[in-house]
Amino acid sequence: MNQVSMTSALSTGQTSVAGASITAQAITKTYGEGPAAFHALGPIDLDIKPGEFVSLIGPSGCGKSTTLLLASGLEPLSSGTLEVDGKPLTRPLSEVGIVFQDHLLLDFRTALDNVMLQQEIRGLDKAVIRERADMLFDRLGLKGAQKKYPRQLSGGMRQRVSIARALVHDPSMLLMDEPFGALDAITRTQIRHDLEMLWLETRKTVLFITHSIEEAVGLSDRVLVMSTSPGRIIEEIKIDLPRPRPAHLGEYPEFSAYAEKIYSIFAKLGVYKF
Ligand SMILES: Nc1ncnc2c1ncn2[C@@H]1O[C@H](COP(=O)(O)OP(=O)(O)OP(=O)(O)O)[C@@H](O)[C@H]1O
Ligand SMILES: [Mg+2]
């Protein structure tokens, strides 16, 4: 979808599929070499369809961030194959928006200038990107925050600015690494809803990493549950709940069943020491 049609889709609420596919076969990652080599991930397979919202959940250190780095092309695979839109990934993707766990905003730039960084780095049309930035500030509940510096914003607002920055160039894929990890429960619930609404309108492909079972079930079409290190995908759970999903997911009896299933997998893995 080009920038103009994306803008109109957002403003009209029209739904269309704009995402990329991610396909991985038997990918692994080993950091370092020789005696210091550390097998951090896999082998894992991924088959993420265009426009799908998929979460990866797993214990700390199992290789979730590593998976995201491989899917973005920022880290090379140690073995296996990985394709985005049917093409082997051989260098960092440009058609991607990444939200890191730490918001990584530049302190000396205003919120708007942080978002406009994408336009500068990518050499995109300033007027088009500015229009999209304004639309995203609006859609993400950041009205009036354009001229503020990161230190003048709350943690939740900074996280929203980094989501706007990840989306402003209209990428076909959004990779999010525990984007709400540092936020309080109330802000997390609101930002989860805002992200879901934006996703419903734009249908980016999303690979979302979280430690939160509620967040994974609340947002995803599918949840991939990972084992302890070196992480492998040990369960795939299709989340069949209507959208948009409510603030209080406990309204759905099915939610408790999904959450219970993930808890019991982690209990079997020995993740919890109660
Ligand atoms: N650049 C690196 N060099 C060496 N080891 C690394 C590197 N990056 C990650 N690791 C190791 O690989 C393993 C997986 O790390 P990764 O960051 O992918 O885990 P994670 O599942 O994202 O954990 P968390 O939930 O705590 O964020 C860890 O043991 C980590 O120490
Ligand atoms: Mg991580």
# chains A, B, ... in the order shown; residues from 1 in each chain; ligands from 1
>>> closest_atom_pairs(of="chain A", to="ligand 2", cutoff="10 Å", atoms="only C-alpha atoms and all ligand atoms", output="JSON lines")
{"residue": "A:Gly58", "atom": "CA", "partner": "ligand 2", "partner_atom_place_in_ligand_line": "1 (Mg)", "distance": 9.7}
{"residue": "A:Pro59", "atom": "CA", "partner": "ligand 2", "partner_atom_place_in_ligand_line": "1 (Mg)", "distance": 9.5}
{"residue": "A:Ser60", "atom": "CA", "partner": "ligand 2", "partner_atom_place_in_ligand_line": "1 (Mg)", "distance": 7.0}
{"residue": "A:Gly61", "atom": "CA", "partner": "ligand 2", "partner_atom_place_in_ligand_line": "1 (Mg)", "distance": 6.8}
{"residue": "A:Cys62", "atom": "CA", "partner": "ligand 2", "partner_atom_place_in_ligand_line": "1 (Mg)", "distance": 8.3}
{"residue": "A:Gly63", "atom": "CA", "partner": "ligand 2", "partner_atom_place_in_ligand_line": "1 (Mg)", "distance": 6.9}
{"residue": "A:Lys64", "atom": "CA", "partner": "ligand 2", "partner_atom_place_in_ligand_line": "1 (Mg)", "distance": 5.5}
{"residue": "A:Ser65", "atom": "CA", "partner": "ligand 2", "partner_atom_place_in_ligand_line": "1 (Mg)", "distance": 4.1}
{"residue": "A:Thr66", "atom": "CA", "partner": "ligand 2", "partner_atom_place_in_ligand_line": "1 (Mg)", "distance": 7.3}
{"residue": "A:Thr67", "atom": "CA", "partner": "ligand 2", "partner_atom_place_in_ligand_line": "1 (Mg)", "distance": 9.2}
{"residue": "A:Leu68", "atom": "CA", "partner": "ligand 2", "partner_atom_place_in_ligand_line": "1 (Mg)", "distance": 8.8}
{"residue": "A:Leu69", "atom": "CA", "partner": "ligand 2", "partner_atom_place_in_ligand_line": "1 (Mg)", "distance": 10.0}
{"residue": "A:Phe100", "atom": "CA", "partner": "ligand 2", "partner_atom_place_in_ligand_line": "1 (Mg)", "distance": 9.2}
{"residue": "A:Gln101", "atom": "CA", "partner": "ligand 2", "partner_atom_place_in_ligand_line": "1 (Mg)", "distance": 7.8}
{"residue": "A:Asp177", "atom": "CA", "partner": "ligand 2", "partner_atom_place_in_ligand_line": "1 (Mg)", "distance": 6.6}
{"residue": "A:Glu178", "atom": "CA", "partner": "ligand 2", "partner_atom_place_in_ligand_line": "1 (Mg)", "distance": 7.3}
{"residue": "A:Ile209", "atom": "CA", "partner": "ligand 2", "partner_atom_place_in_ligand_line": "1 (Mg)", "distance": 7.8}
{"residue": "A:Thr210", "atom": "CA", "partner": "ligand 2", "partner_atom_place_in_ligand_line": "1 (Mg)", "distance": 8.5}
{"residue": "A:His211", "atom": "CA", "partner": "ligand 2", "partner_atom_place_in_ligand_line": "1 (Mg)", "distance": 9.2}
>>> write_last_selection(atoms="C-alpha atoms", output="compact mmCIF listing (two decimals), in the first residue's frame")
# COMPACT_ATOMS: atom_id res chain seq x y z
CA GLY A 58 8.90 -17.47 26.42
CA PRO A 59 11.17 -17.40 29.45
CA SER A 60 13.88 -14.78 29.83
CA GLY A 61 16.98 -15.58 27.79
CA CYS A 62 15.27 -18.13 25.52
CA GLY A 63 16.06 -16.21 22.34
CA LYS A 64 13.05 -13.97 21.67
CA SER A 65 15.05 -10.81 20.93
CA THR A 66 17.43 -12.93 18.89
CA THR A 67 14.49 -14.13 16.78
CA LEU A 68 13.44 -10.54 16.19
CA LEU A 69 16.97 -9.55 15.19
CA PHE A 100 12.77 -1.86 20.91
CA GLN A 101 12.14 -2.54 24.57
CA ASP A 177 10.33 -6.32 21.40
CA GLU A 178 8.49 -6.08 24.71
CA ILE A 209 7.55 -10.20 21.76
CA THR A 210 6.27 -10.23 25.29
CA HIS A 211 6.60 -11.80 28.70
>>> select_by_dssp(residues="region 138-267 of chain A", states="helix (DSSP H, G or I)", output="PyMOL selection string")
chain A and resi 138-139+150-152+155-167+185-202+213-219+249-251+253-267
>>> residues_around(residues="region 114-118 of chain A", least_positions_apart="4", cutoff="6 Å", atoms="only C-alpha atoms", output="list in words")
Arg109, Arg122 and Arg165 of chain A
>>> residues_around(residues="Val168 (chain A)", least_positions_apart="2", cutoff="10 Å", atoms="only C-alpha atoms", output="PyMOL selection string")
chain A and resi 3+97+115-119+128-137+162-166+170-171
>>> write_last_selection(atoms="N, CA and C atoms", output="PDB file, in the first residue's frame")
ATOM      1  N   GLN A   3       1.800   5.436   0.451  1.00  0.00           N
ATOM      2  CA  GLN A   3       1.541   6.294   1.611  1.00  0.00           C
ATOM      3  C   GLN A   3       0.170   6.964   1.568  1.00  0.00           C
ATOM      4  N   GLY A  97       9.408  -1.682  10.578  1.00  0.00           N
ATOM      5  CA  GLY A  97       9.446  -0.747  11.691  1.00  0.00           C
ATOM      6  C   GLY A  97       9.769  -1.552  12.932  1.00  0.00           C
ATOM      7  N   VAL A 115      10.283  11.248  15.316  1.00  0.00           N
ATOM      8  CA  VAL A 115       9.506  10.476  14.338  1.00  0.00           C
ATOM      9  C   VAL A 115       9.975  10.806  12.914  1.00  0.00           C
ATOM     10  N   MET A 116      10.266  12.097  12.690  1.00  0.00           N
ATOM     11  CA  MET A 116      10.685  12.535  11.349  1.00  0.00           C
ATOM     12  C   MET A 116      12.087  12.038  10.971  1.00  0.00           C
ATOM     13  N   LEU A 117      12.791  11.490  11.957  1.00  0.00           N
ATOM     14  CA  LEU A 117      14.104  10.900  11.683  1.00  0.00           C
ATOM     15  C   LEU A 117      14.019   9.881  10.545  1.00  0.00           C
ATOM     16  N   GLN A 118      12.948   9.136  10.503  1.00  0.00           N
ATOM     17  CA  GLN A 118      12.759   8.125   9.446  1.00  0.00           C
ATOM     18  C   GLN A 118      12.774   8.777   8.068  1.00  0.00           C
ATOM     19  N   GLN A 119      12.137   9.948   7.980  1.00  0.00           N
ATOM     20  CA  GLN A 119      12.082  10.660   6.694  1.00  0.00           C
ATOM     21  C   GLN A 119      13.473  11.115   6.300  1.00  0.00           C
ATOM     22  N   VAL A 128       4.681  14.360   2.849  1.00  0.00           N
ATOM     23  CA  VAL A 128       3.903  13.119   2.998  1.00  0.00           C
ATOM     24  C   VAL A 128       4.139  12.512   4.380  1.00  0.00           C
ATOM     25  N   ILE A 129       5.405  12.464   4.786  1.00  0.00           N
ATOM     26  CA  ILE A 129       5.730  11.834   6.072  1.00  0.00           C
ATOM     27  C   ILE A 129       5.231  12.700   7.228  1.00  0.00           C
ATOM     28  N   ARG A 130       5.280  14.007   7.040  1.00  0.00           N
ATOM     29  CA  ARG A 130       4.777  14.908   8.081  1.00  0.00           C
ATOM     30  C   ARG A 130       3.273  14.690   8.297  1.00  0.00           C
ATOM     31  N   GLU A 131       2.575  14.500   7.177  1.00  0.00           N
ATOM     32  CA  GLU A 131       1.129  14.266   7.264  1.00  0.00           C
ATOM     33  C   GLU A 131       0.852  12.952   8.000  1.00  0.00           C
ATOM     34  N   ARG A 132       1.661  11.931   7.673  1.00  0.00           N
ATOM     35  CA  ARG A 132       1.491  10.640   8.348  1.00  0.00           C
ATOM     36  C   ARG A 132       1.859  10.751   9.833  1.00  0.00           C
ATOM     37  N   ALA A 133       2.896  11.530  10.125  1.00  0.00           N
ATOM     38  CA  ALA A 133       3.298  11.702  11.527  1.00  0.00           C
ATOM     39  C   ALA A 133       2.150  12.346  12.308  1.00  0.00           C
ATOM     40  N   ASP A 134       1.544  13.390  11.743  1.00  0.00           N
ATOM     41  CA  ASP A 134       0.434  14.063  12.428  1.00  0.00           C
ATOM     42  C   ASP A 134      -0.719  13.086  12.663  1.00  0.00           C
ATOM     43  N   MET A 135      -1.007  12.283  11.633  1.00  0.00           N
ATOM     44  CA  MET A 135      -2.094  11.311  11.738  1.00  0.00           C
ATOM     45  C   MET A 135      -1.785  10.283  12.838  1.00  0.00           C
ATOM     46  N   LEU A 136      -0.535   9.836  12.905  1.00  0.00           N
ATOM     47  CA  LEU A 136      -0.172   8.836  13.917  1.00  0.00           C
ATOM     48  C   LEU A 136      -0.180   9.432  15.325  1.00  0.00           C
ATOM     49  N   PHE A 137       0.267  10.686  15.464  1.00  0.00           N
ATOM     50  CA  PHE A 137       0.201  11.347  16.781  1.00  0.00           C
ATOM     51  C   PHE A 137      -1.255  11.389  17.248  1.00  0.00           C
ATOM     52  N   SER A 162       7.676   6.046  20.029  1.00  0.00           N
ATOM     53  CA  SER A 162       8.496   5.075  19.292  1.00  0.00           C
ATOM     54  C   SER A 162       7.648   4.190  18.389  1.00  0.00           C
ATOM     55  N   ILE A 163       6.379   3.980  18.752  1.00  0.00           N
ATOM     56  CA  ILE A 163       5.496   3.233  17.836  1.00  0.00           C
ATOM     57  C   ILE A 163       5.217   4.090  16.593  1.00  0.00           C
ATOM     58  N   ALA A 164       4.972   5.396  16.808  1.00  0.00           N
ATOM     59  CA  ALA A 164       4.752   6.292  15.658  1.00  0.00           C
ATOM     60  C   ALA A 164       5.977   6.297  14.750  1.00  0.00           C
ATOM     61  N   ARG A 165       7.153   6.335  15.354  1.00  0.00           N
ATOM     62  CA  ARG A 165       8.386   6.346  14.553  1.00  0.00           C
ATOM     63  C   ARG A 165       8.533   5.047  13.752  1.00  0.00           C
ATOM     64  N   ALA A 166       8.096   3.935  14.351  1.00  0.00           N
ATOM     65  CA  ALA A 166       8.215   2.649  13.649  1.00  0.00           C
ATOM     66  C   ALA A 166       7.218   2.537  12.494  1.00  0.00           C
ATOM     67  N   ASP A 170       5.444   3.791   6.767  1.00  0.00           N
ATOM     68  CA  ASP A 170       4.514   2.812   6.190  1.00  0.00           C
ATOM     69  C   ASP A 170       5.176   1.482   5.857  1.00  0.00           C
ATOM     70  N   PRO A 171       5.863   0.883   6.823  1.00  0.00           N
ATOM     71  CA  PRO A 171       6.509  -0.406   6.550  1.00  0.00           C
ATOM     72  C   PRO A 171       5.459  -1.506   6.452  1.00  0.00           C
TER      73      PRO A 171
END
>>> residues_around(residues="Gly181 (chain A)", least_positions_apart="4", cutoff="12 Å", atoms="only C-alpha atoms", output="ChimeraX atom specification")
/A:99-103,155-156,159,176-177,185,187-189,191-192,208-212,215
>>> closest_residue(among="A:Phe266, A:Tyr31, A:Phe180, A:Tyr258", to="ligand 1", atoms="only C-alpha atoms and all ligand atoms")
A:Tyr31
>>> closest_residue(among="A:Leu41, A:Ala247, A:Leu106, A:Ile98", to="Gly73 (chain A)", atoms="only C-alpha atoms")
A:Ile98
>>> atom_distance(atom1="CA of Lys87 (chain A)", atom2="CA of Asp221 (chain A)")
23.9 Å
>>> select_by_dssp(residues="region 19-254 of chain A", states="strand (DSSP E or B)", output="ChimeraX atom specification")
/A:22-31,38-48,53-57,79-84,87-88,96-99,173-177,205-210,222-226,231,233-238
>>> residues_around(residues="region 20-27 of chain A", least_positions_apart="4", cutoff="7 Å", atoms="only C-alpha atoms", output="list in words")
Gly42, Pro43, Ile44, Asp45, Leu46, Asp47, Ile48, Lys49, Pro50, Gly51, Leu77, Ser79, Gly80, Thr81, Leu82, Glu83, Val84, Asp85, Ser172, Met173 and Thr205 of chain A
>>> closest_residue(among="A:Met226, A:Leu89, A:Ala127, A:Ala71", to="ligand 1", atoms="only C-alpha atoms and all ligand atoms")
A:Met226
